[in-house]
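Chemist: If you scroll down you'll find the structure; I have some questions about it.
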Amino acid sequence: MRALLSVSDKTGIVDLARGLAALGWELISTGGTARALRDAGLAPRDISDVTGFAEMLDGRVKTLHPAVHGGLLARRDKPEHMQALAQHNIVPIDLVAVNLYPFRATAARSGVTQEEVIEQIDIGGPSMIRSAAKNFDAVTVVVEPRDYQRVLLALQAKDDDLDLRRTLAEKAFAHTAAYDAAIASWFAQQRHDKFPETVTLSATRQQKLRYGENPDQPAAFYVDFPGAGLASLVQRGGKELSFNNLLDLEGALLTVDPYAGETACAIIKHTTPCGLAVGSSALDAYRKALACDPVSAFGSVIAFTVPVEDAATADAVSSLFVECIVAPSFSEEVVEILGRKKNLRVLEGRATWPSNSLDYKRVRGGVLVQERPQTVIDDEGWKLVSTREPTIEEKRDLLFVWRAVAAVKSNAIVLARDSATIGIGAGQMSRVDAAFLAVHKAQQQGHETKGAVLGSDAYFPFRDGVDQAADAGVTAIVQPGGSIRDAEVVAAANERDIAMVFTGKRQFRH
């Protein structure tokens, strides 16, 4: 039996080779893999001994040869295939362990040149993988080091496991598809084309989930690559994450992203905030956020922008039924306190995504693709449109509420004061209803709406929303502007002595 080992990621390859050698397999290898095996005391044959040709073109050509691909593709059940191998002195290859040049990692490096990236486009590797996978009936193809032990155990047991080889072939084709997708994406980026003619999406299954949005819906969590985004969070306690937990965690992190340089807390229910605040400490921010709508906070997901290290904060959070809490880090004391709530999932880390990421939304028969929304940081481009200017305190709260409303599902209206939300109107069919709901929620919780500020994710189509805010005592409004009735809306603000600014940018979340 003959195995061809040629890997970029050397993890576990020596153990695999030793196991194969102990079973009497002949080892063939290339370049750096061969050196690693020899350094470990093994004696692989060089690929050039098999092909009769030395590596050429700086290693670009070494396995593209009939002696390799004939040995991989020949069907053992066809006498004419085996006769052809014998005629050309080709020995069948029964196992291939190959993984590919680190194209994605190289392309992501700062300051990398185009030439360096292109040199990481593997040609021979994908060809060998595809040849071996096509002939999975006779050939075992392994592209993931975590499968080495599984393969060795099957070989040691002399188990001719066709189902295993078929599963490994499936993984192999997925591996090469993802690799080609990354290359195609890079080429599109070089043309500064975010939306090329063909978009090839690839994702790796991070974990199977108990179920989806409802118990009768099977589900799984896939990531762009292992450790990407939410998968980078370290779970410090609690039971397994659910489908809805992951959706809410994304909503929580989206909400606190604009407050990365401040001490902020967001409380999320059904992917949208029911409370958000900036405070002097994690505990202060949490208490202010909770005060917005403590009823809706039951069964929520909570996110902090700062480490949670004190027992007081842990005790306050654990006194409420919370599904998940996420923060950059937790002290051991906090983990112990939160761990007393066995169902509370404790997530640690900073899940980020690249600034040039795209947002995908599935629809029947296709995918909608857009640039991901940019995080609001400051008041650049704002325009005062009212007669009265906002006060210093109003300016501070207007910036806070404009960042806050970006995380709320439309139609969205948010009331705030002292860097905390006090009323949130989300997901309404009309903007005046969203304004009514925000005011109603604030007053229901006993918040003083007189002197509050208001943020609207899109323009006011009529003055009724402004009048409703003014009746509640709102003194300043931030909104995108752009309605054909902007003049009427601004006139309403002036009549009610409200300071109003236009941002020129909508923050709609459908």
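Within each chain, counting starts at residue 1; across the structure tokens, chains are named A, B, ... in the order shown, with ligands numbered 1 upward in that order.
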Please identify all polymer residues within 8 Å of A:Thr421, counting only C-alpha atoms, omitting same-chain residues fewer than 2 positions from it, and present them as JSON, numbers by chain.
Modeler: {"A": [275, 276, 277, 289, 292, 401, 414, 415, 416, 417, 419, 423, 424]}
Chemist: Please identify all polymer residues within 9 Å of stretch 188-198 of chain A, counting only C-alpha atoms, omitting same-chain residues fewer than 5 positions from it, and present them as a list in words.
Modeler: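 The residues that qualify are Ile183, Asn356, Leu358, Val369, Gln370 and Glu371 of chain A.
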Chemist: Which residues are close to stretch 476-485 of chain A, i.e. within 10 Å by only C-alpha atoms, leaving aside same-chain residues fewer than 3 positions away? Reply as JSON, numbers by chain.
Modeler: {"A": [382, 383, 384, 385, 386, 388, 389, 390, 391, 394, 395, 397, 398, 399, 401, 402, 405, 413, 414, 415, 451, 452, 453, 454, 455, 456, 457, 458, 459, 460, 461, 462, 463, 466, 469, 470, 473, 488, 489, 490, 491, 493, 497, 498, 499, 500, 501, 502, 503, 504, 505, 506, 507]}
Chemist: Pick from A:Ala316, A:Val376, A:Leu37, A:Ala438: nearest to A:Pro258, with only C-alpha atoms counted?
Modeler: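 Of A:Ala316, A:Val376, A:Leu37, A:Ala438, the one nearest A:Pro258 is A:Val376, counting only C-alpha atoms.
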Chemist: Counting only C-alpha atoms, figure out which residue out of A:Arg38, A:Arg165, A:Arg210, A:Lys341 gets nearest to A:Arg18.
Modeler: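 Closest residue, counting only C-alpha atoms: A:Arg38.
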Chemist: Counting only C-alpha atoms, what is within 10 Å of stretch 147-157 of chain A, bar same-chain residues fewer than 6 positions away, as a list of chain:residue names?
Modeler: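 Near neighbours after the sequence-gap exclusion: A:Thr11, A:Gly12, A:Ile13, A:Asp15, A:Leu16, A:Ala17, A:Gly19, A:Leu20, A:Ala22, A:Leu23, A:Leu95, A:Ala97, A:Thr140, A:Val141, A:Leu164, A:Arg165, A:Leu168.
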Chemist: Could you dump the residues just selected with N, CA and C atoms as a PDB file, in the first residue's frame?
Modeler:
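Okay, again.pdb is ready:
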```pdb
ATOM      1  N   THR A  11       0.621  19.820  11.216  1.00  0.00           N
ATOM      2  CA  THR A  11       0.031  19.293  12.442  1.00  0.00           C
ATOM      3  C   THR A  11      -0.336  17.814  12.287  1.00  0.00           C
ATOM      4  N   GLY A  12       0.227  16.971  13.117  1.00  0.00           N
ATOM      5  CA  GLY A  12      -0.135  15.559  13.160  1.00  0.00           C
ATOM      6  C   GLY A  12       0.406  14.703  12.046  1.00  0.00           C
ATOM      7  N   ILE A  13       1.125  15.285  11.092  1.00  0.00           N
ATOM      8  CA  ILE A  13       1.539  14.500   9.929  1.00  0.00           C
ATOM      9  C   ILE A  13       2.577  13.444  10.288  1.00  0.00           C
ATOM     10  N   ASP A  15       2.824  11.764  13.151  1.00  0.00           N
ATOM     11  CA  ASP A  15       2.114  10.644  13.790  1.00  0.00           C
ATOM     12  C   ASP A  15       1.387   9.801  12.750  1.00  0.00           C
ATOM     13  N   LEU A  16       0.765  10.475  11.765  1.00  0.00           N
ATOM     14  CA  LEU A  16       0.102   9.719  10.702  1.00  0.00           C
ATOM     15  C   LEU A  16       1.111   8.878   9.934  1.00  0.00           C
ATOM     16  N   ALA A  17       2.232   9.493   9.586  1.00  0.00           N
ATOM     17  CA  ALA A  17       3.252   8.769   8.818  1.00  0.00           C
ATOM     18  C   ALA A  17       3.799   7.589   9.613  1.00  0.00           C
ATOM     19  N   GLY A  19       2.274   5.892  11.918  1.00  0.00           N
ATOM     20  CA  GLY A  19       1.242   4.867  11.951  1.00  0.00           C
ATOM     21  C   GLY A  19       1.159   4.091  10.653  1.00  0.00           C
ATOM     22  N   LEU A  20       1.251   4.801   9.539  1.00  0.00           N
ATOM     23  CA  LEU A  20       1.228   4.125   8.237  1.00  0.00           C
ATOM     24  C   LEU A  20       2.447   3.235   8.047  1.00  0.00           C
ATOM     25  N   ALA A  22       4.209   1.806  10.316  1.00  0.00           N
ATOM     26  CA  ALA A  22       4.085   0.633  11.183  1.00  0.00           C
ATOM     27  C   ALA A  22       3.186  -0.427  10.567  1.00  0.00           C
ATOM     28  N   LEU A  23       2.271  -0.008   9.713  1.00  0.00           N
ATOM     29  CA  LEU A  23       1.390  -0.948   9.011  1.00  0.00           C
ATOM     30  C   LEU A  23       2.001  -1.454   7.713  1.00  0.00           C
ATOM     31  N   LEU A  95      -3.687   6.246  -0.473  1.00  0.00           N
ATOM     32  CA  LEU A  95      -4.053   7.265   0.511  1.00  0.00           C
ATOM     33  C   LEU A  95      -3.327   8.559   0.177  1.00  0.00           C
ATOM     34  N   ALA A  97      -2.777  12.435   1.895  1.00  0.00           N
ATOM     35  CA  ALA A  97      -2.968  13.432   2.948  1.00  0.00           C
ATOM     36  C   ALA A  97      -2.404  14.747   2.416  1.00  0.00           C
ATOM     37  N   THR A 140      -8.255   6.736  -0.058  1.00  0.00           N
ATOM     38  CA  THR A 140      -8.605   7.545   1.102  1.00  0.00           C
ATOM     39  C   THR A 140      -7.944   8.907   0.971  1.00  0.00           C
ATOM     40  N   VAL A 141      -8.735   9.982   1.044  1.00  0.00           N
ATOM     41  CA  VAL A 141      -8.193  11.335   0.935  1.00  0.00           C
ATOM     42  C   VAL A 141      -8.454  12.057   2.257  1.00  0.00           C
ATOM     43  N   LEU A 164     -16.609   5.877   5.391  1.00  0.00           N
ATOM     44  CA  LEU A 164     -15.591   6.820   5.849  1.00  0.00           C
ATOM     45  C   LEU A 164     -14.919   7.494   4.665  1.00  0.00           C
ATOM     46  N   ARG A 165     -14.567   6.702   3.657  1.00  0.00           N
ATOM     47  CA  ARG A 165     -13.894   7.288   2.478  1.00  0.00           C
ATOM     48  C   ARG A 165     -14.830   8.253   1.746  1.00  0.00           C
ATOM     49  N   LEU A 168     -14.900  11.458   3.763  1.00  0.00           N
ATOM     50  CA  LEU A 168     -13.650  12.202   3.572  1.00  0.00           C
ATOM     51  C   LEU A 168     -13.594  12.840   2.182  1.00  0.00           C
TER      52      LEU A 168
END
```
Chemist: Residues within 10 Å of A:Asp77, please, as a list in words. Count only C-alpha atoms; anything in the same chain fewer than 3 positions from it doesn't count.
Modeler: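 Once the adjacent positions are removed, what remains is Ala74, Glu80, His81, Met82, Asp137 and Ala138 of chain A.
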Chemist: Next, the residues of the selection above should be written as a PDB file, in the first residue's frame with N, CA and C atoms.
Modeler:
```
ATOM      1  N   ALA A  74      -6.912   5.499 -11.182  1.00  0.00           N
ATOM      2  CA  ALA A  74      -7.180   4.173 -11.747  1.00  0.00           C
ATOM      3  C   ALA A  74      -8.205   3.431 -10.897  1.00  0.00           C
ATOM      4  N   GLU A  80      -8.775  -3.061 -17.384  1.00  0.00           N
ATOM      5  CA  GLU A  80      -8.069  -2.238 -18.360  1.00  0.00           C
ATOM      6  C   GLU A  80      -7.329  -1.086 -17.695  1.00  0.00           C
ATOM      7  N   HIS A  81      -7.875  -0.555 -16.589  1.00  0.00           N
ATOM      8  CA  HIS A  81      -7.167   0.498 -15.850  1.00  0.00           C
ATOM      9  C   HIS A  81      -5.894  -0.054 -15.218  1.00  0.00           C
ATOM     10  N   MET A  82      -6.004  -1.227 -14.614  1.00  0.00           N
ATOM     11  CA  MET A  82      -4.835  -1.810 -13.954  1.00  0.00           C
ATOM     12  C   MET A  82      -3.785  -2.239 -14.967  1.00  0.00           C
ATOM     13  N   ASP A 137     -13.779   5.248  -3.914  1.00  0.00           N
ATOM     14  CA  ASP A 137     -14.087   3.836  -3.770  1.00  0.00           C
ATOM     15  C   ASP A 137     -12.842   3.036  -3.388  1.00  0.00           C
ATOM     16  N   ALA A 138     -11.670   3.545  -3.815  1.00  0.00           N
ATOM     17  CA  ALA A 138     -10.421   2.818  -3.534  1.00  0.00           C
ATOM     18  C   ALA A 138      -9.390   3.655  -2.797  1.00  0.00           C
TER      19      ALA A 138
END
```
Chemist: Write out as a ChimeraX atom specification the set of residues from stretch 127-252 of chain A that DSSP, computed on the backbone, places in alpha helix (DSSP H).
Modeler: /A:127-134,148-156,162-190,243-252
